[in-house]
Structures are given as structure tokens and as C-alpha cells.
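A.B. asks: Sending over my_file.cif (mmCIF, C-alpha atoms; chains and numbers go by the auth columns).
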```cif
data_start
#
loop_
_atom_site.group_PDB
_atom_site.id
_atom_site.type_symbol
_atom_site.label_atom_id
_atom_site.label_comp_id
_atom_site.label_asym_id
_atom_site.label_seq_id
_atom_site.Cartn_x
_atom_site.Cartn_y
_atom_site.Cartn_z
_atom_site.B_iso_or_equiv
_atom_site.auth_seq_id
_atom_site.auth_asym_id
ATOM 1 C CA MET A 1 101.300 384.772 37.958 0.00 23 A
ATOM 2 C CA LEU A 2 104.321 385.063 40.182 0.00 24 A
ATOM 3 C CA ARG A 3 103.583 387.388 43.105 0.00 25 A
ATOM 4 C CA THR A 4 105.823 388.674 45.894 0.00 26 A
ATOM 5 C CA ALA A 5 104.711 389.667 49.379 0.00 27 A
ATOM 6 C CA GLU A 6 106.836 391.549 51.892 0.00 28 A
ATOM 7 C CA ILE A 7 106.471 390.645 55.568 0.00 29 A
ATOM 8 C CA THR A 8 108.053 392.941 58.162 0.00 30 A
ATOM 9 C CA ALA A 9 108.101 392.828 61.947 0.00 31 A
ATOM 10 C CA ALA A 10 110.035 394.379 64.820 0.00 32 A
ATOM 11 C CA LEU A 11 110.388 393.647 68.515 0.00 33 A
ATOM 12 C CA THR A 12 111.647 395.917 71.290 0.00 34 A
ATOM 13 C CA ARG A 13 114.157 394.467 73.728 0.00 35 A
ATOM 14 C CA PRO A 14 114.230 395.417 77.405 0.00 36 A
ATOM 15 C CA PRO A 15 117.401 397.139 78.662 0.00 37 A
ATOM 16 C CA GLY A 16 120.125 394.483 78.934 0.00 38 A
ATOM 17 C CA GLY A 17 117.925 391.950 77.105 0.00 39 A
ATOM 18 C CA LYS A 18 120.460 391.301 74.376 0.00 40 A
ATOM 19 C CA GLU A 19 123.026 389.917 76.825 0.00 41 A
ATOM 20 C CA SER A 20 120.765 387.563 78.815 0.00 42 A
ATOM 21 C CA HIS A 21 119.228 385.590 75.924 0.00 43 A
ATOM 22 C CA GLN A 22 120.312 385.025 72.359 0.00 44 A
ATOM 23 C CA LEU A 23 116.979 385.885 70.710 0.00 45 A
ATOM 24 C CA TYR A 24 116.834 385.373 66.927 0.00 46 A
ATOM 25 C CA TRP A 25 114.321 384.986 64.092 0.00 47 A
ATOM 26 C CA GLY A 26 113.679 381.333 63.285 0.00 48 A
ATOM 27 C CA PRO A 27 113.684 379.853 59.778 0.00 49 A
ATOM 28 C CA THR A 28 109.945 379.036 59.764 0.00 50 A
ATOM 29 C CA VAL A 29 107.151 381.344 58.585 0.00 51 A
ATOM 30 C CA GLU A 30 103.446 380.561 58.378 0.00 52 A
ATOM 31 C CA PHE A 31 101.480 382.749 55.968 0.00 53 A
ATOM 32 C CA SER A 32 97.872 382.546 54.744 0.00 54 A
ATOM 33 C CA LEU A 33 97.496 382.251 50.987 0.00 55 A
ATOM 34 C CA ASP A 34 94.688 381.430 48.593 0.00 56 A
ATOM 35 C CA CYS A 35 95.851 378.107 47.121 0.00 57 A
ATOM 36 C CA PHE A 36 94.978 377.406 43.490 0.00 58 A
ATOM 37 C CA VAL A 37 96.198 373.793 43.844 0.00 59 A
ATOM 38 C CA CYS A 38 93.472 372.773 46.321 0.00 60 A
ATOM 39 C CA GLU A 39 91.244 375.734 45.302 0.00 61 A
ATOM 40 C CA ARG A 40 90.694 376.940 48.848 0.00 62 A
ATOM 41 C CA LEU A 41 90.945 380.429 50.324 0.00 63 A
ATOM 42 C CA GLY A 42 93.088 381.415 53.309 0.00 64 A
ATOM 43 C CA ARG A 43 95.166 378.251 53.628 0.00 65 A
ATOM 44 C CA THR A 44 97.958 378.313 56.200 0.00 66 A
ATOM 45 C CA THR A 45 101.129 377.810 54.189 0.00 67 A
ATOM 46 C CA LEU A 46 104.338 376.741 55.923 0.00 68 A
ATOM 47 C CA PHE A 47 107.615 378.200 54.638 0.00 69 A
ATOM 48 C CA GLU A 48 111.144 377.125 55.596 0.00 70 A
ATOM 49 C CA ARG A 49 114.089 379.379 54.795 0.00 71 A
ATOM 50 C CA GLY A 50 116.123 377.731 52.028 0.00 72 A
ATOM 51 C CA ALA A 51 113.347 375.376 50.849 0.00 73 A
ATOM 52 C CA GLU A 52 112.329 375.502 47.187 0.00 74 A
ATOM 53 C CA LYS A 53 108.640 374.920 47.943 0.00 75 A
ATOM 54 C CA ALA A 54 106.187 375.536 50.760 0.00 76 A
ATOM 55 C CA LEU A 55 103.578 373.264 52.341 0.00 77 A
ATOM 56 C CA CYS A 56 99.861 374.125 52.142 0.00 78 A
ATOM 57 C CA SER A 57 97.610 372.950 54.992 0.00 79 A
ATOM 58 C CA GLY A 58 95.154 371.714 52.358 0.00 80 A
ATOM 59 C CA THR A 59 91.527 370.907 52.999 0.00 81 A
ATOM 60 C CA ARG A 60 89.900 368.886 55.739 0.00 82 A
ATOM 61 C CA SER A 61 88.183 366.696 53.182 0.00 83 A
ATOM 62 C CA GLY A 62 89.780 365.824 49.883 0.00 84 A
ATOM 63 C CA LEU A 63 93.287 367.102 49.213 0.00 85 A
ATOM 64 C CA GLY A 64 95.216 367.194 52.493 0.00 86 A
ATOM 65 C CA ARG A 65 98.591 368.809 53.084 0.00 87 A
ATOM 66 C CA HIS A 66 100.433 369.274 49.821 0.00 88 A
ATOM 67 C CA HIS A 67 103.366 371.140 48.330 0.00 89 A
ATOM 68 C CA ALA A 68 102.692 374.709 47.292 0.00 90 A
ATOM 69 C CA PRO A 69 104.517 376.657 44.567 0.00 91 A
ATOM 70 C CA ALA A 70 105.962 379.235 46.975 0.00 92 A
ATOM 71 C CA ARG A 71 109.232 380.002 48.767 0.00 93 A
ATOM 72 C CA ILE A 72 111.080 382.511 50.896 0.00 94 A
ATOM 73 C CA ALA A 73 112.980 384.627 48.360 0.00 95 A
ATOM 74 C CA ALA A 74 114.783 386.880 50.879 0.00 96 A
ATOM 75 C CA PHE A 75 115.221 386.919 54.642 0.00 97 A
ATOM 76 C CA ASP A 76 116.950 389.926 56.219 0.00 98 A
ATOM 77 C CA SER A 77 117.150 390.508 59.945 0.00 99 A
ATOM 78 C CA THR A 78 118.749 393.205 62.045 0.00 100 A
ATOM 79 C CA SER A 79 119.612 393.020 65.693 0.00 101 A
ATOM 80 C CA GLY A 80 120.548 395.904 67.945 0.00 102 A
ATOM 81 C CA ASP A 81 120.591 396.594 71.652 0.00 103 A
ATOM 82 C CA GLU A 82 116.969 397.760 71.692 0.00 104 A
ATOM 83 C CA ARG A 83 115.411 396.312 68.541 0.00 105 A
ATOM 84 C CA LEU A 84 115.136 393.026 66.647 0.00 106 A
ATOM 85 C CA ALA A 85 113.644 393.370 63.156 0.00 107 A
ATOM 86 C CA VAL A 86 113.018 391.167 60.131 0.00 108 A
ATOM 87 C CA ARG A 87 112.046 391.659 56.476 0.00 109 A
ATOM 88 C CA ILE A 88 110.974 388.593 54.513 0.00 110 A
ATOM 89 C CA LEU A 89 110.084 388.401 50.826 0.00 111 A
ATOM 90 C CA VAL A 90 107.809 385.514 49.891 0.00 112 A
ATOM 91 C CA ASP A 91 107.395 384.491 46.242 0.00 113 A
ATOM 92 C CA PHE A 92 104.276 382.518 45.379 0.00 114 A
ATOM 93 C CA TRP A 93 102.435 381.466 42.260 0.00 115 A
ATOM 94 C CA TRP A 94 98.853 382.619 42.113 0.00 116 A
ATOM 95 C CA ALA A 95 95.992 382.105 39.676 0.00 117 A
ATOM 96 C CA PRO A 96 92.374 383.246 39.977 0.00 118 A
ATOM 97 C CA PHE A 97 89.846 380.618 41.050 0.00 119 A
ATOM 98 C CA GLU A 98 86.601 380.208 42.971 0.00 120 A
ATOM 99 C CA ASP A 99 86.740 378.439 46.317 0.00 121 A
ATOM 100 C CA GLY A 100 85.588 374.847 45.842 0.00 122 A
ATOM 101 C CA ARG A 101 83.533 375.008 49.025 0.00 123 A
ATOM 102 C CA ASP A 102 81.722 378.357 49.027 0.00 124 A
ATOM 103 C CA GLY A 103 82.397 379.899 45.596 0.00 125 A
ATOM 104 C CA ARG A 104 84.206 383.031 46.845 0.00 126 A
ATOM 105 C CA ARG A 105 86.875 384.468 44.518 0.00 127 A
ATOM 106 C CA SER A 106 90.575 384.238 45.334 0.00 128 A
ATOM 107 C CA ALA A 107 92.915 387.181 45.899 0.00 129 A
ATOM 108 C CA ALA A 108 96.701 387.613 45.997 0.00 130 A
ATOM 109 C CA PRO A 109 97.487 387.689 48.842 0.00 131 A
ATOM 110 C CA THR A 110 94.322 386.440 50.481 0.00 132 A
ATOM 111 C CA SER A 111 91.779 389.094 51.475 0.00 133 A
ATOM 112 C CA HIS A 112 92.724 388.713 55.176 0.00 134 A
ATOM 113 C CA PRO A 113 96.484 388.022 55.273 0.00 135 A
ATOM 114 C CA TRP A 114 97.715 386.340 58.440 0.00 136 A
ATOM 115 C CA VAL A 115 101.303 385.586 59.365 0.00 137 A
ATOM 116 C CA ARG A 116 103.111 383.803 62.215 0.00 138 A
ATOM 117 C CA LEU A 117 106.843 384.407 62.643 0.00 139 A
ATOM 118 C CA HIS A 118 108.877 381.981 64.711 0.00 140 A
ATOM 119 C CA LEU A 119 111.819 382.919 66.921 0.00 141 A
ATOM 120 C CA GLY A 120 114.376 381.071 68.955 0.00 142 A
ATOM 121 C CA TYR A 121 116.451 381.828 72.039 0.00 143 A
ATOM 122 C CA TYR A 122 118.991 380.384 74.411 0.00 144 A
ATOM 123 C CA CYS A 123 118.720 381.117 78.141 0.00 145 A
ATOM 124 C CA HIS A 124 122.173 381.466 79.728 0.00 146 A
ATOM 125 C CA GLU A 125 120.718 381.086 83.218 0.00 147 A
ATOM 126 C CA THR A 126 119.034 377.695 82.710 0.00 148 A
ATOM 127 C CA ARG A 127 120.977 376.550 79.638 0.00 149 A
ATOM 128 C CA GLU A 128 117.697 375.780 77.866 0.00 150 A
ATOM 129 C CA SER A 129 116.357 376.938 74.511 0.00 151 A
ATOM 130 C CA GLY A 130 112.884 377.924 73.429 0.00 152 A
ATOM 131 C CA LYS A 131 110.858 378.726 70.334 0.00 153 A
ATOM 132 C CA PRO A 132 108.266 381.500 70.817 0.00 154 A
ATOM 133 C CA SER A 133 106.316 383.067 67.960 0.00 155 A
ATOM 134 C CA ILE A 134 104.414 386.231 67.104 0.00 156 A
ATOM 135 C CA GLN A 135 101.430 386.536 64.790 0.00 157 A
ATOM 136 C CA THR A 136 99.133 389.145 63.333 0.00 158 A
ATOM 137 C CA ASN A 137 95.933 388.243 65.182 0.00 159 A
ATOM 138 C CA VAL A 138 96.890 388.771 68.850 0.00 160 A
ATOM 139 C CA SER A 139 96.366 391.811 71.053 0.00 161 A
ATOM 140 C CA ARG A 140 99.323 394.080 71.658 0.00 162 A
ATOM 141 C CA PRO A 141 101.539 394.953 73.397 0.00 163 A
ATOM 142 C CA TRP A 142 102.643 391.369 74.032 0.00 164 A
ATOM 143 C CA ASP A 143 105.667 390.372 76.101 0.00 165 A
ATOM 144 C CA LEU A 144 107.663 387.379 74.867 0.00 166 A
ATOM 145 C CA ARG A 145 109.025 385.614 77.941 0.00 167 A
ATOM 146 C CA CYS A 146 111.625 382.951 78.508 0.00 168 A
ATOM 147 C CA GLY A 147 109.817 379.685 79.169 0.00 169 A
ATOM 148 C CA ASP A 148 112.390 378.765 81.813 0.00 170 A
ATOM 149 C CA CYS A 149 113.416 381.869 83.809 0.00 171 A
ATOM 150 C CA ASP A 150 110.307 383.982 82.902 0.00 172 A
ATOM 151 C CA GLN A 151 112.436 387.007 81.952 0.00 173 A
ATOM 152 C CA ILE A 152 111.004 389.307 79.258 0.00 174 A
ATOM 153 C CA LEU A 153 112.885 388.640 76.006 0.00 175 A
ATOM 154 C CA ALA A 154 111.196 391.345 73.938 0.00 176 A
ATOM 155 C CA THR A 155 107.944 393.258 73.588 0.00 177 A
ATOM 156 C CA ASP A 156 105.802 392.947 70.471 0.00 178 A
ATOM 157 C CA THR A 157 104.116 396.341 70.070 0.00 179 A
ATOM 158 C CA GLU A 158 103.288 396.387 66.337 0.00 180 A
ATOM 159 C CA THR A 159 101.416 393.884 64.213 0.00 181 A
ATOM 160 C CA PRO A 160 103.632 392.242 61.564 0.00 182 A
ATOM 161 C CA ALA A 161 102.941 393.988 58.248 0.00 183 A
ATOM 162 C CA VAL A 162 102.111 392.237 54.969 0.00 184 A
ATOM 163 C CA ARG A 163 102.417 394.156 51.694 0.00 185 A
ATOM 164 C CA LEU A 164 101.976 392.864 48.136 0.00 186 A
ATOM 165 C CA LEU A 165 104.908 394.068 45.996 0.00 187 A
ATOM 166 C CA VAL A 166 104.164 392.589 42.565 0.00 188 A
#
```
Take the structure in the file and give it back as C-alpha cells.
C.D. replies:
Amino acid sequence: MLRTAEITAALTRPPGGKESHQLYWGPTVEFSLDCFVCERLGRTTLFERGAEKALCSGTRSGLGRHHAPARIAAFDSTSGDERLAVRILVDFWWAPFEDGRDGRRSAAPTSHPWVRLHLGYYCHETRESGKPSIQTNVSRPWDLRCGDCDQILATDTETPAVRLLV
């Protein structure tokens, strides 16, 4: 079955934060899926915007990293003076199976969805770039800081949301 998950996230910028750093959503998304190819639950799956397939982390023994029948179907971001938001639609093929290791049944998306969203920035002060990320399983609020000048780029106050659409 073809399934679609919606991932949304928003960051709050400090006053004047838009001018000091060019903060943007990166093209990489990591999302946990139950993979019917390697028959394992909760595999970290790496997505690249524009790629026709994703990459499953695989299993520690047996089938290692492998291509996964999944892709980013839509990637919409908005950027304002005080807010930076993103909405991502992920299409993935899913079929029911039992985990090859412990026999638990699969779900679409996995029973405990996890996501990591990557960002990028350019610091005008140091002329350096950086690649921070946010993810669902960290405590909030969380300040994203420039790795060079230590200025706050944005504050992550809400956990990224994952919703199964179809």
C-alpha cells in the first residue's frame, strides 16, 4: 500500500534573527518507518529532497543499509521575520509483516514515529556555515545556536508533528 505521512515543524526567530543568519530548512529528513524490505520495525530512513528513493538503515546483522521504496513528495517552507516553518509530505510503500527479530507487528507509520529535520545557515559575522537539526525526542524549548558566533538562530518550542494522511 502507498501511504503518505505529513511532517510539520516551526521555529521562532529572535528579534533581528532573520538578518544576521540565513537560516533555512535543509534537503535531508530522517524518519522512522517499519521496513517491509528488511522486515524490521522503527528503521531510521534517510530522505533527500528530489531523490526517487530513500535509504533504510537496515539491520545490524543480515541486510545492512538498503534502498527503501519511499520519497519526499512535497516540501513547502515559509520564512518570516519571527517564524520559520516547514511542511513535508513523505510517500512510502508499506505492507504488513512481523519483525524478523521479535515478532512484533508492523504499523504505518511505525508505532513510535521519530523525525529529524536538518537545517542550514550562513553566519555573516564569521563567514562560516553550519548544519543544525531538530528532532522529536529532545526536551523543549531548545535554542539553535550558531556554531561560530554562538548567537541564537531560532528557538524550537514545539515537537515536529507526524500525521498519517492516507
A.B. asks: So, with all atoms listed in the file as the atoms that count, which of A:Asp113, A:Glu150, A:Asp56, A:Asp121 lies closest to Val188 in chain A?
C.D. replies: A:Asp113
A.B. asks: For each of A:Trp164, A:Phe114, A:Phe97, A:Phe69, take the minimum atom-to-atom distance to Trp47 in chain A, counting all atoms listed in the file, then give the residue where this is smallest.
C.D. replies: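 The answer is A:Phe97, which sits nearest to Trp47 in chain A.
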A.B. asks: On this file, the PyMOL selection byres ((chain A and resi 76-93) around 10) gives some set of residues; write that set as a ChimeraX atom specification.
C.D. replies: /A:24-26,51-75,94-96,111-116,123
A.B. asks: When distances are computed from all atoms listed in the file, which of A:Pro182, A:Gly169, A:Gly142, A:Pro131 shows the smallest separation from Tyr46 in chain A?
C.D. replies: A:Gly142
A.B. asks: Of the residues A:Val184, A:Cys145, A:Ala27, A:Val137, which is the one nearest to Cys171 in chain A, using all atoms listed in the file?
C.D. replies: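 Nearest to Cys171 in chain A: A:Cys145.
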A.B. asks: Can you tell me how far CA of Tyr144 in chain A sits from CA of Glu28 in chain A, in Å to one decimal?
C.D. replies: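 These two atoms are separated by 27.9 Å.
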A.B. asks: Pick the closest to Ser155 in chain A from A:Ala129, A:Ala31, A:Leu186, A:Ala117: which is it, counting all atoms listed in the file?
C.D. replies: A:Ala31
A.B. asks: May I ask for the distance between CA of Asp165 in chain A and CA of Asp178 in chain A, given in Å to one decimal place?
C.D. replies: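 Between these atoms lies a distance of 6.2 Å.
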A.B. asks: Restricting the calculation to all atoms listed in the file, which member of A:Ser161, A:Thr30, A:Thr148, A:Thr181 is positioned closest to Ser42 in chain A?
C.D. replies: A:Thr148
A.B. asks: Starting from the point (111.1, 376.9, 69.2), work out which residues of protein, DNA or RNA have an atom no more than 10 Å away when counting all atoms listed in the file; state them as a list in words.
C.D. replies: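 Protein, DNA and RNA residues close to (111.1, 376.9, 69.2): Gly48, Thr50, His140, Leu141, Gly142, Tyr143, Ser151, Gly152, Lys153, Pro154 and Ser155 of chain A.
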A.B. asks: What is the CA of Ser101 in chain A-CA of Asn159 in chain A distance in Å, reported with one decimal?
C.D. replies: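 Result for CA of Ser101 in chain A versus CA of Asn159 in chain A: 24.2 Å, one decimal.
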A.B. asks: Can you give me, as a list in words, the residues this file yields under the PyMOL selection byres ((chain A and resi 107) around 8)?
C.D. replies: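 For this structure, the PyMOL selection byres ((chain A and resi 107) around 8) resolves to Thr30, Ala31, Ala32, Leu33, Ser99, Thr100, Ser101, Arg105, Leu106, Val108 and Arg109 of chain A.
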A.B. asks: Only N, CA, C and O atoms needed: put range 105-134 of chain A from the block into a file as a short mmCIF file (atom, residue, chain, number, x, y, z; two decimals), in the first residue's frame.
C.D. replies:
```
data_model
loop_
_atom_site.label_atom_id
_atom_site.label_comp_id
_atom_site.auth_asym_id
_atom_site.auth_seq_id
_atom_site.Cartn_x
_atom_site.Cartn_y
_atom_site.Cartn_z
N ARG A 105 9.18 33.67 12.28
CA ARG A 105 8.86 32.25 12.22
C ARG A 105 9.47 31.61 10.97
O ARG A 105 9.52 32.21 9.91
N LEU A 106 9.91 30.36 11.14
CA LEU A 106 10.42 29.55 10.04
C LEU A 106 9.70 28.21 10.13
O LEU A 106 9.82 27.52 11.14
N ALA A 107 8.90 27.88 9.13
CA ALA A 107 8.06 26.67 9.20
C ALA A 107 8.28 25.80 7.98
O ALA A 107 8.71 26.27 6.92
N VAL A 108 7.94 24.51 8.14
CA VAL A 108 8.08 23.56 7.03
C VAL A 108 6.94 22.54 7.10
O VAL A 108 6.45 22.21 8.18
N ARG A 109 6.51 22.11 5.93
CA ARG A 109 5.52 21.02 5.79
C ARG A 109 6.06 20.08 4.73
O ARG A 109 6.33 20.49 3.60
N ILE A 110 6.25 18.82 5.11
CA ILE A 110 6.84 17.82 4.22
C ILE A 110 5.86 16.66 4.10
O ILE A 110 5.34 16.17 5.10
N LEU A 111 5.61 16.23 2.87
CA LEU A 111 4.82 15.03 2.63
C LEU A 111 5.78 13.93 2.19
O LEU A 111 6.56 14.11 1.26
N VAL A 112 5.69 12.79 2.88
CA VAL A 112 6.55 11.65 2.59
C VAL A 112 5.67 10.51 2.10
O VAL A 112 4.74 10.10 2.80
N ASP A 113 5.93 10.03 0.90
CA ASP A 113 5.25 8.84 0.37
C ASP A 113 6.12 7.63 0.65
O ASP A 113 7.34 7.68 0.45
N PHE A 114 5.49 6.55 1.10
CA PHE A 114 6.24 5.32 1.33
C PHE A 114 5.34 4.11 1.10
O PHE A 114 4.14 4.15 1.35
N TRP A 115 5.95 3.05 0.60
CA TRP A 115 5.23 1.80 0.42
C TRP A 115 5.30 1.04 1.73
O TRP A 115 6.32 1.01 2.40
N TRP A 116 4.17 0.44 2.08
CA TRP A 116 4.08 -0.29 3.34
C TRP A 116 3.29 -1.56 3.13
O TRP A 116 2.32 -1.59 2.36
N ALA A 117 3.71 -2.62 3.77
CA ALA A 117 2.99 -3.89 3.76
C ALA A 117 3.10 -4.48 5.16
O ALA A 117 4.12 -4.31 5.83
N PRO A 118 2.05 -5.17 5.62
CA PRO A 118 2.12 -5.76 6.96
C PRO A 118 3.15 -6.89 7.02
O PRO A 118 3.34 -7.62 6.05
N PHE A 119 3.83 -6.98 8.16
CA PHE A 119 4.79 -8.06 8.37
C PHE A 119 5.03 -8.19 9.87
O PHE A 119 4.60 -7.35 10.65
N GLU A 120 5.70 -9.25 10.27
CA GLU A 120 6.14 -9.41 11.65
C GLU A 120 7.63 -9.22 11.68
O GLU A 120 8.35 -9.73 10.82
N ASP A 121 8.10 -8.47 12.69
CA ASP A 121 9.52 -8.18 12.82
C ASP A 121 10.30 -9.50 12.87
O ASP A 121 9.95 -10.40 13.64
N GLY A 122 11.33 -9.60 12.04
CA GLY A 122 12.13 -10.82 11.97
C GLY A 122 12.89 -11.14 13.24
O GLY A 122 13.34 -12.26 13.43
N ARG A 123 13.01 -10.17 14.14
CA ARG A 123 13.78 -10.38 15.36
C ARG A 123 12.91 -10.72 16.56
O ARG A 123 13.21 -11.63 17.31
N ASP A 124 11.81 -9.96 16.74
CA ASP A 124 11.00 -10.19 17.95
C ASP A 124 9.53 -10.50 17.67
O ASP A 124 8.75 -10.66 18.61
N GLY A 125 9.13 -10.58 16.41
CA GLY A 125 7.77 -11.00 16.06
C GLY A 125 6.69 -9.94 16.23
O GLY A 125 5.52 -10.24 16.01
N ARG A 126 7.03 -8.71 16.60
CA ARG A 126 6.01 -7.66 16.71
C ARG A 126 5.49 -7.28 15.33
O ARG A 126 6.20 -7.36 14.35
N ARG A 127 4.22 -6.84 15.27
CA ARG A 127 3.58 -6.49 14.01
C ARG A 127 3.92 -5.06 13.60
O ARG A 127 4.01 -4.16 14.43
N SER A 128 4.04 -4.86 12.31
CA SER A 128 4.37 -3.54 11.75
C SER A 128 3.15 -2.62 11.77
O SER A 128 2.02 -3.07 11.90
N ALA A 129 3.42 -1.32 11.62
CA ALA A 129 2.38 -0.31 11.55
C ALA A 129 2.83 0.76 10.56
O ALA A 129 4.01 0.90 10.28
N ALA A 130 1.87 1.53 10.03
CA ALA A 130 2.21 2.58 9.07
C ALA A 130 1.63 3.90 9.53
O ALA A 130 0.43 4.06 9.51
N PRO A 131 2.39 4.91 9.95
CA PRO A 131 3.83 4.78 10.20
C PRO A 131 4.08 3.96 11.44
O PRO A 131 3.14 3.51 12.09
N THR A 132 5.33 3.79 11.79
CA THR A 132 5.69 2.96 12.93
C THR A 132 4.95 3.42 14.18
O THR A 132 4.49 4.56 14.25
N SER A 133 4.82 2.57 15.17
CA SER A 133 4.03 2.90 16.35
C SER A 133 4.61 4.06 17.16
O SER A 133 3.90 4.70 17.93
N HIS A 134 5.89 4.35 17.01
CA HIS A 134 6.52 5.49 17.69
C HIS A 134 7.28 6.32 16.65
O HIS A 134 8.51 6.24 16.57
#
```
